[in-house]
Amino acid sequence: MFNIENRRYIGSKADLSDWIMESIQKNCSGDIFADIFAGTAIVTKKAAQKYSKLIVNDFLYSNNIIYKAFFDINDWDKKKLEQYIEKWNKKDTNKLKENYFSVNFGGKFFNIDDAKKIGAIREDLQFSNLFNEKEKNILLASLIYSIDKIANTVGHYEAYFHVNSIPQQFIYQIINPSPIKNIEIYREDVASLVKKIKADIIYMDPPYNSRQYSRFYHVLENLVKWEKPKLEGVALKPPVENMSEYCRKNAPVVFKELIDNLQCKFIAVSYNNTYNSKSSSSKNKISLEQIEEILNLKGKTIIYEHNHKFFNSGKTNFNNHKEFLFITKVR
């Protein structure tokens with residue numbers, strides 16, 4: 001079974017969540033915790049052990065489905081889902097027809113037979129009336145985790161390895177939900193979201209460089225939405241959508257606007273120091289000094305730092321990498 005931490009994801013806080021939560025607990029008080037650029041939602045899961053109400057948000061469709069699958073408290077039939085998954089694991093791929101997923105991604109991101117099965121499962125889930133919403137979300141999240149484990153990539157879908165053959169290795173495995181009793185799940189632009197939510201502590205880990213998450217995880221977004229758009233380019237991407245302003249040169253402006261609109265007692269901001277990276281995609285659009293200056297306008301700010309291994313796609317050689325955590329007590 002997959003736990004929520006078992007993903008390959010840029011900026012994952014799997015190795016940092018204990019440090020982040022300890023630092024927040026040491027400096028912040030309150031009962032309501034919001035994670036507004038949640039990504040893998042590992043910090044949300046950790047916060048659920050400490051706070052009575054959670055708010056979680058991310059604008060990716062794939063992440064939103066994962067949150068609902070793991071955190072929603074509605075009932076589901078584990079045995080029924082395990083039987084469904086086992087049925088697909090036993091299915092002979094030679095008897096499956098080509099489909100949208102296999103035509104586009106087979107032989108590139110996945111073995112062709114694996115891609116046929118993945119696409120067939122997704123098509124079946126789209127029209128099945130055997131499952132309630134919670135169960136469908138679990139099966140879809142399980143499909144995301146299962147294909148993420150075997151994808152012919154470095155860990156995202158910006159590109160695939162050009163190899164002579166891709167081994168057939170897809171095994172459909174179920175996730176291990178970790179329901180949270182009092183949680184609100186959103187898929188919204190944060191600029192709109194923060195105008196209508198209130199929390200004691202708002203934690204954020206926005207993107208700071210030019211890597212657009214909607215493009216890096218386009219295969220997963222496509223799989224979840226299942227609208228079957230026409231794909232273009234070597235990486236077979238759909239039409240552009242969900243582009244973040246935090247990955248563009250006006251990031252300092254939109255960050256300040258966001259901070260100005262927060263309704264909370266404490267702000268916690270994660271940041272990593274790739275500002276001077278040699279890789280253009282890794283180079284931050286907003287500096288540590290700019291973050292500190294903006295937060296100081298909102299309240300008294302302290303900074304914690306932690307040594308941390310950074311994501312490396314092969315172009316960046318960056319030593320002494322640190323993760324920073326800004327904690328602001330709002331005036």
# chains A, B, ... in the order shown; residues from 1 in each chain; ligands from 1
$ residues_around --residues "region 39-50 of chain A" --least-positions-apart "2" --cutoff "10 Å" --atoms "only C-alpha atoms" --output "count of residues only"
56
$ residues_around --residues "Gln83 (chain A)" --least-positions-apart "4" --cutoff "12 Å" --atoms "only C-alpha atoms" --output "list in words"
Asp77, Lys78, Lys79, Lys87, Trp88, Asn89, Lys90, Leu139, Tyr172, Gln173 and Ile174 of chain A
$ residues_around --residues "His306 (chain A)" --least-positions-apart "3" --cutoff "7 Å" --atoms "only C-alpha atoms" --output "JSON, numbers by chain"
{"A": [322, 323, 324]}
$ write_last_selection --atoms "C-alpha atoms" --output "PDB file, in the first residue's frame"
ATOM      1  CA  LYS A 322      19.824  24.899   2.545  1.00  0.00           C
ATOM      2  CA  GLU A 323      16.120  24.946   3.208  1.00  0.00           C
ATOM      3  CA  PHE A 324      14.862  28.056   4.978  1.00  0.00           C
TER       4      PHE A 324
END
$ atom_distance --atom1 "CA of Lys91 (chain A)" --atom2 "CA of Ile121 (chain A)"
10.6 Å
$ residues_around --residues "Ala268 (chain A)" --least-positions-apart "4" --cutoff "7 Å" --atoms "only C-alpha atoms" --output "PyMOL selection string"
chain A and resi 202-204+325-328
$ closest_atom_pairs --of "region 6-105 of chain A" --to "region 222-229 of chain A" --cutoff "8 Å" --atoms "only C-alpha atoms" --output "Markdown table"
| residue | atom | partner | partner_atom | distance |
| --- | --- | --- | --- | --- |
| A:Tyr61 | CA | A:Val224 | CA | 6.7 |
| A:Ser62 | CA | A:Val224 | CA | 5.9 |
| A:Ile65 | CA | A:Val224 | CA | 7.8 |
| A:Tyr100 | CA | A:Lys228 | CA | 6.9 |
$ select_by_dssp --residues "region 129-300 of chain A" --states "alpha helix (DSSP H)" --output "PyMOL selection string"
chain A and resi 133-150+190-193+213-216+218-225+251-261+288-298
$ closest_residue --among "A:Arg211, A:Lys230, A:Lys97, A:His162" --to "Glu245 (chain A)" --atoms "only C-alpha atoms"
A:Arg211
$ select_by_dssp --residues "region 13-141 of chain A" --states "strand (DSSP E)" --output "PyMOL selection string"
chain A and resi 32-35+53-57
$ residues_around --residues "Ile166 (chain A)" --least-positions-apart "4" --cutoff "7 Å" --atoms "only C-alpha atoms" --output "CSV table (one decimal) with C-alpha atoms, in the first residue's frame"
chain,number,residue,atom,x,y,z
A,107,GLY,CA,6.9,3.4,-25.6
A,110,PHE,CA,5.7,3.8,-20.1
A,111,ASN,CA,6.0,0.3,-21.6
$ closest_residue --among "A:Val154, A:Ile118, A:Leu262, A:Cys28" --to "Phe216 (chain A)" --atoms "only C-alpha atoms"
A:Val154
$ residues_around --residues "Trp76 (chain A)" --least-positions-apart "4" --cutoff "8 Å" --atoms "only C-alpha atoms" --output "PyMOL selection string"
chain A and resi 132+134-135
$ write_last_selection --atoms "N, CA and C atoms" --output "short mmCIF file (atom, residue, chain, number, x, y, z; two decimals), in the first residue's frame"
data_model
loop_
_atom_site.label_atom_id
_atom_site.label_comp_id
_atom_site.auth_asym_id
_atom_site.auth_seq_id
_atom_site.Cartn_x
_atom_site.Cartn_y
_atom_site.Cartn_z
N ASN A 132 -18.63 4.66 -4.99
CA ASN A 132 -19.00 6.01 -4.57
C ASN A 132 -17.84 6.97 -4.85
N LYS A 134 -15.78 8.63 -2.91
CA LYS A 134 -14.57 8.34 -2.13
C LYS A 134 -13.80 7.18 -2.74
N GLU A 135 -14.52 6.12 -3.11
CA GLU A 135 -13.89 4.93 -3.69
C GLU A 135 -13.25 5.23 -5.04
#
